[in-house]
2 protein chains.
Amino acid sequence: MEIYTIRDVARKAGVAVSTVSRVLNGRPDVSEETRRRVMEVVTECGYVQNGNARFLKHARTDFAAIIVRGRRSMFLSDVAEQMLSCAQGMKTPFLVKYIDEADDEFDTLRQLYAEKRAGGFILLGSRLDERSEAIRALGVPCVFATVDASRSGLGNASSVCIDDRAATRAMMDHLLDNGHRRVTIFGGNRYGDDVFARRYQGAMDSLHAHGMAFDPEESYRCLRFSLEGAYNEAKRYFEGHRDVTAVLTMSDTMAAGVIRALIDLGLRVPQDVSVTGFDGTQMSRFYVPSITTISQPVEAIARESVTLLCDMLEGAQPRYVTLDYTLLEGESVGPCPTER
Amino acid sequence: MEIYTIRDVARKAGVAVSTVSRVLNGRPDVSEETRRRVMEVVTECGYVQNGNARFLKHARTDFAAIIVRGRRSMFLSDVAEQMLSCAQGMKTPFLVKYIDEADDEFDTLRQLYAEKRAGGFILLGSRLDERSEAIRALGVPCVFATVDASRSGLGNASSVCIDDRAATRAMMDHLLDNGHRRVTIFGGNRYGDDVFARRYQGAMDSLHAHGMAFDPEESYRCLRFSLEGAYNEAKRYFEGHRDVTAVLTMSDTMAAGVIRALIDLGLRVPQDVSVTGFDGTQMSRFYVPSITTISQPVEAIARESVTLLCDMLEGAQPRYVTLDYTLLEGESVGPCPTER
DNA sequence: ATATGGATTGGAAACGGTTCCGGAAAGTCG
DNA sequence: CGACTTTCCGGAACCGTTTCCAATCCATAT
C-alpha cells in the first residue's frame, strides 16, 4: 500500500501544499470549491497525516498522555481504558503510560514532555506531595484523577475524584450499624498518598462520631493495594486477632485477598468476619461472596478527566470536580456475630 | 523548565549538530574525547531527543504498536502490560492501542501505520482470517500473540502461543477423569476466531478418545469471553440443563461468571457442578472457589512477542513459537456427583 | 616528499507537515 | 473609475532530527 504525503495530494489536486494543509485543518480561508476538490483527492487515495511531522511543527503539541501509577490495579486500568475510549472522540490523541508504584510519575512526565512533546497529562493514581511541584515548574496542564488537587495550590492542575473521606465514613458507619465494634483497616502504604489519608480520616470520622477510639498503630495494616499483599497480610494478621469481626479495606482487590485469606483460615465471610471493598469494580459483583463496596463512577471520572484536560489545552482554567459515589451492598457484610 | 534542542547541545559543546547526533545514536565514528564532552553537556542540561523529529526522519520508523482486541479481557490486558514492561528495555518504543472486539484491528493497523508510521505490530487477541491479508499487503512485520500464524501463509507474520488444542484436550481429560460425562462447553462467538476453534477441537479430541459423542448444536454456548456474558448465559442454560455436571469454559473470567451463576441458582461448585477456566489469571487463584485452569505463560508470551518483533524489525525471518502451558488445579473441579 | 587512506568532523539536504507573508483576483465604495 | 478591502491561494521558511557527502588532519605506504 502506497503512503501519500501532503505534497502528493497537492499535486493531484492541482493546488499548493499550504492549501491542502488549510483544508485538512479546517481553516476558514479556503473556497468551498477548492476544499471539495482537495477532500476528493484525500479520500480517494486514503491520505493520512503524518503525526510526527504534524507534531514536530507545533512547539507544544496538542497531544496528551495518561500516566497510570500502579500497573496491577484493576480499578485504575479500568479507568485508564475508559479514558482512552473517551479520548477516541476528541481531536487530541492520548497515549497511556503505565508505571510501577515504585517509579516516579514526575520523572515520567518530564520524559514524555521532552521526548514526545506531550502537551497535557492525566495523572491516574498519582500521589500529591512536594514532588508535584514539578508540574508547576513545567507549566503544562494536568489533571489529577482520583486525587483531590483543589488544595494543592498548583495553578495548572485540575482534579476529578469522589469525596473519599465521606465515602469511607459511610462505609464505616455501615459496619458499625451492623453491630461491629472490633474493626480493622487495611490500607495502602504509599507515603504521601493522600487518597489513603483521606479515606483513613473518613473512617476516623465515623468511629469518633460513634464515640469509639482507634489505635492506628495497632489496627491498620500497611500494605499495597494488591491481591497477594492483602492476602498475605490478612493471613498473618488474623492468626493473632481472632476477636476482630470486620475489615474495612481500601480496594476491592484487597477485599478479595482478605476474604480468600479468611476462608483459608477456616473463617466464614460474612458469618464470622465482614469485609468491605472500595472502587466497585466488576469483580466485586461477581466474587463469592459479592463484596460490599463503594462504587466509583469509572465512566464519569474518565470522561470528566479527558474533557477537563482538553478544555485546559484550549486555555480553560483548572477546575476541581467531585463526583458521586454509591455504597453498593454485597454479601461480604453481615451482622456482628455475638460469639464465635 | 527549558527544553533544549540538539543545536543547543552542539553549540554548548562546541561541535557540529551532526556530531551530537552521532554521539546520541552511538555511532562508532566519534572520538572518545568528543563523545565525552558531548555527553557531559547532554547530561548537564538534561537534553532529551525529540521523538517526533527523530521519527519524522526515518521513513519507516523503528517504532511499534501493540493492538489489543478485547478491552475487557483481564488476560489480554495482563499480557499487554507485560509487553510494555519488556519493551521498556528495548530501544524501539512501543505503544498500546486497545480496541473493541467489534472494531477491525486491520483498519486500526493501517491507521497507525500511516499516521504514526509505526514500523511493526503485535496483534494481541486478534483473529486470523481473510482480512489478515491486509498485513501482507502492507508488508510490515507483525507478531500474532496467542494465535498460531504458522499456517497463515503470511510472509511477514510471526506468532507466539501455547498449544491451545492440546491444553484444552488435557483439561477435558481432567474432567472426564473425574467421572464427568455430561459436560458443556462455554466458548466465544468470534467468527473466524481460530483460538476458539482450536480449543474446541482439543475438547473434541478428548471426548472422541474417550469414545464420547458431542452434539455441537446442543452443547456449546456461543457468547463473548466476558463475565456478564457468561453469567447471563449460564443462568439461562442451567435452568433447563440440570443434568450437566461440568462446564469447560475458555477463560477464567467466563468461569467466574458461570460459577457465580450456578451459586445464584442454588448449585454448589464443585459438589454439584465442576467448572474449569483458561488463562491462569491471578484471579483464578483467589476466587472462591479457586478455579482449575490452564495457566498461560504471560510473561514468556509477552517477552517472546516483543523480542520476535524487534528481531523482525532488524530483518529477521518470521518464527512461530509455541510455549508451554500448565494445568493448574483449583477447587472448582470435583468428582462427578453420583446423584442430585 | 608525495600519494593513499582511515579517522573524525562539519555542512547541508532531506523528512512531511504548518504557518507566516505577500500577491492576485474579486468585490466595495465614494 | 481608481483606491481600498476582502478572499483565496502560492511560496518559502521552519520545526528538530538524521544522514549523506565533502573536507580536514594525520599516519602510513611508496
# chains A, B, ... in the order shown; residues from 1 in each chain; ligands from 1
call {"tool": "closest_atom_pairs", "arguments": {"of": "chain C", "to": "chain A", "cutoff": "9 Å", "atoms": "only C-alpha atoms (C1' of nucleotides)", "output": "Markdown table"}}
result
| residue | atom | partner | partner_atom | distance |
| --- | --- | --- | --- | --- |
| C:DC15 | C1' | A:Ala53 | CA | 7.9 |
| C:DG16 | C1' | A:Ala53 | CA | 5.2 |
| C:DG17 | C1' | A:Ala53 | CA | 4.8 |
| C:DT18 | C1' | A:Lys57 | CA | 6.2 |
| C:DT19 | C1' | A:Ser18 | CA | 8.4 |
call {"tool": "write_last_selection", "arguments": {"atoms": "N, CA and C atoms (P, O5', C5', C4', C3', O3' and C1' of nucleotides)", "output": "compact mmCIF listing (two decimals), in the first residue's frame"}}
result
# COMPACT_ATOMS: atom_id res chain seq x y z
P DC C 15 12.76 13.69 1.09
O5' DC C 15 12.00 13.28 2.42
C5' DC C 15 12.55 12.34 3.33
C4' DC C 15 11.89 12.51 4.67
C3' DC C 15 10.47 13.08 4.58
O3' DC C 15 9.54 12.00 4.64
C1' DC C 15 11.75 14.09 6.35
P DG C 16 8.37 11.97 3.57
O5' DG C 16 7.26 12.87 4.26
C5' DG C 16 6.75 12.47 5.52
C4' DG C 16 5.98 13.61 6.11
C3' DG C 16 4.91 14.20 5.18
O3' DG C 16 3.77 14.43 5.95
C1' DG C 16 6.30 15.90 5.97
P DG C 17 2.37 14.60 5.25
O5' DG C 17 1.61 15.44 6.36
C5' DG C 17 1.51 16.84 6.25
C4' DG C 17 2.06 17.50 7.48
C3' DG C 17 1.51 18.89 7.73
O3' DG C 17 0.55 18.82 8.77
C1' DG C 17 3.91 18.87 7.78
P DT C 18 -0.51 19.99 8.86
O5' DT C 18 0.34 21.24 9.36
C5' DT C 18 0.79 21.27 10.70
C4' DT C 18 1.42 22.60 10.99
C3' DT C 18 0.47 23.81 10.87
O3' DT C 18 0.75 24.66 11.97
C1' DT C 18 2.34 24.13 9.47
P DT C 19 -0.31 25.78 12.37
O5' DT C 19 0.43 27.08 11.87
C5' DT C 19 1.81 27.23 12.14
C4' DT C 19 2.37 28.43 11.39
C3' DT C 19 1.35 29.55 11.16
O3' DT C 19 2.01 30.79 11.33
C1' DT C 19 2.28 28.91 9.12
call {"tool": "residues_around", "arguments": {"residues": "DT2 (chain C)", "least_positions_apart": "3", "cutoff": "12 Å", "atoms": "only C-alpha atoms (C1' of nucleotides)", "output": "list in words"}}
result
DT28, DA29 and DT30 of chain D
call {"tool": "select_by_dssp", "arguments": {"residues": "region 5-111 of chain A", "states": "helix (DSSP H, G or I)", "output": "PyMOL selection string"}}
result
chain A and resi 6-13+17-24+32-44+51-57+74-89+105-111
call {"tool": "residues_around", "arguments": {"residues": "Ala167 (chain A)", "least_positions_apart": "2", "cutoff": "8 Å", "atoms": "only C-alpha atoms (C1' of nucleotides)", "output": "number ranges by chain"}}
result
A: 162-165, 169-171, 199, 202, 294, 325, 327
call {"tool": "interface_residues", "arguments": {"of": "chain D", "to": "chain A", "cutoff": "12 Å", "atoms": "only C-alpha atoms (C1' of nucleotides)", "output": "PyMOL selection string"}}
result
chain D and resi 6-12+14-17
call {"tool": "interface_residues", "arguments": {"of": "chain A", "to": "chain B", "cutoff": "9 Å", "atoms": "only C-alpha atoms", "output": "JSON, numbers by chain"}}
result
{"A": [1, 2, 3, 4, 47, 48, 49, 50, 51, 52, 53, 54, 55, 56, 57, 71, 72, 74, 77, 78, 81, 84, 85, 95, 96, 97, 98, 99, 111, 114, 115, 116, 117, 137, 138, 139, 227, 228, 231, 256, 257, 259, 260, 261, 263, 282, 283, 286, 287, 288, 289]}
call {"tool": "residues_around", "arguments": {"residues": "DA22 (chain D)", "least_positions_apart": "3", "cutoff": "12 Å", "atoms": "only C-alpha atoms (C1' of nucleotides)", "output": "number ranges by chain"}}
result
C: 9-12
call {"tool": "write_last_selection", "arguments": {"atoms": "N, CA and C atoms (P, O5', C5', C4', C3', O3' and C1' of nucleotides)", "output": "PDB file, in the first residue's frame"}}
result
ATOM      1  P    DT C   9      35.856  13.999  16.468  1.00  0.00           P
ATOM      2  O5'  DT C   9      35.230  14.998  15.410  1.00  0.00           O
ATOM      3  C5'  DT C   9      36.039  16.056  14.916  1.00  0.00           C
ATOM      4  C4'  DT C   9      35.382  16.686  13.712  1.00  0.00           C
ATOM      5  C3'  DT C   9      33.997  17.277  13.951  1.00  0.00           C
ATOM      6  O3'  DT C   9      34.137  18.682  14.115  1.00  0.00           O
ATOM      7  C1'  DT C   9      34.205  16.236  11.812  1.00  0.00           C
ATOM      8  P    DG C  10      32.873  19.556  14.504  1.00  0.00           P
ATOM      9  O5'  DG C  10      32.466  20.132  13.069  1.00  0.00           O
ATOM     10  C5'  DG C  10      33.478  20.700  12.241  1.00  0.00           C
ATOM     11  C4'  DG C  10      32.890  21.096  10.902  1.00  0.00           C
ATOM     12  C3'  DG C  10      31.558  21.839  10.987  1.00  0.00           C
ATOM     13  O3'  DG C  10      31.602  22.940  10.069  1.00  0.00           O
ATOM     14  C1'  DG C  10      31.298  19.905   9.633  1.00  0.00           C
ATOM     15  P    DG C  11      30.417  23.947   9.956  1.00  0.00           P
ATOM     16  O5'  DG C  11      29.673  23.510   8.612  1.00  0.00           O
ATOM     17  C5'  DG C  11      30.466  23.252   7.445  1.00  0.00           C
ATOM     18  C4'  DG C  11      29.565  22.997   6.254  1.00  0.00           C
ATOM     19  C3'  DG C  11      28.250  23.773   6.249  1.00  0.00           C
ATOM     20  O3'  DG C  11      27.982  24.156   4.903  1.00  0.00           O
ATOM     21  C1'  DG C  11      27.781  21.451   6.281  1.00  0.00           C
ATOM     22  P    DA C  12      26.675  24.982   4.548  1.00  0.00           P
ATOM     23  O5'  DA C  12      25.693  23.850   4.020  1.00  0.00           O
ATOM     24  C5'  DA C  12      26.167  22.901   3.057  1.00  0.00           C
ATOM     25  C4'  DA C  12      25.038  21.958   2.677  1.00  0.00           C
ATOM     26  C3'  DA C  12      23.661  22.607   2.625  1.00  0.00           C
ATOM     27  O3'  DA C  12      22.911  21.954   1.624  1.00  0.00           O
ATOM     28  C1'  DA C  12      23.607  20.904   4.202  1.00  0.00           C
TER      29       DA C  12
END
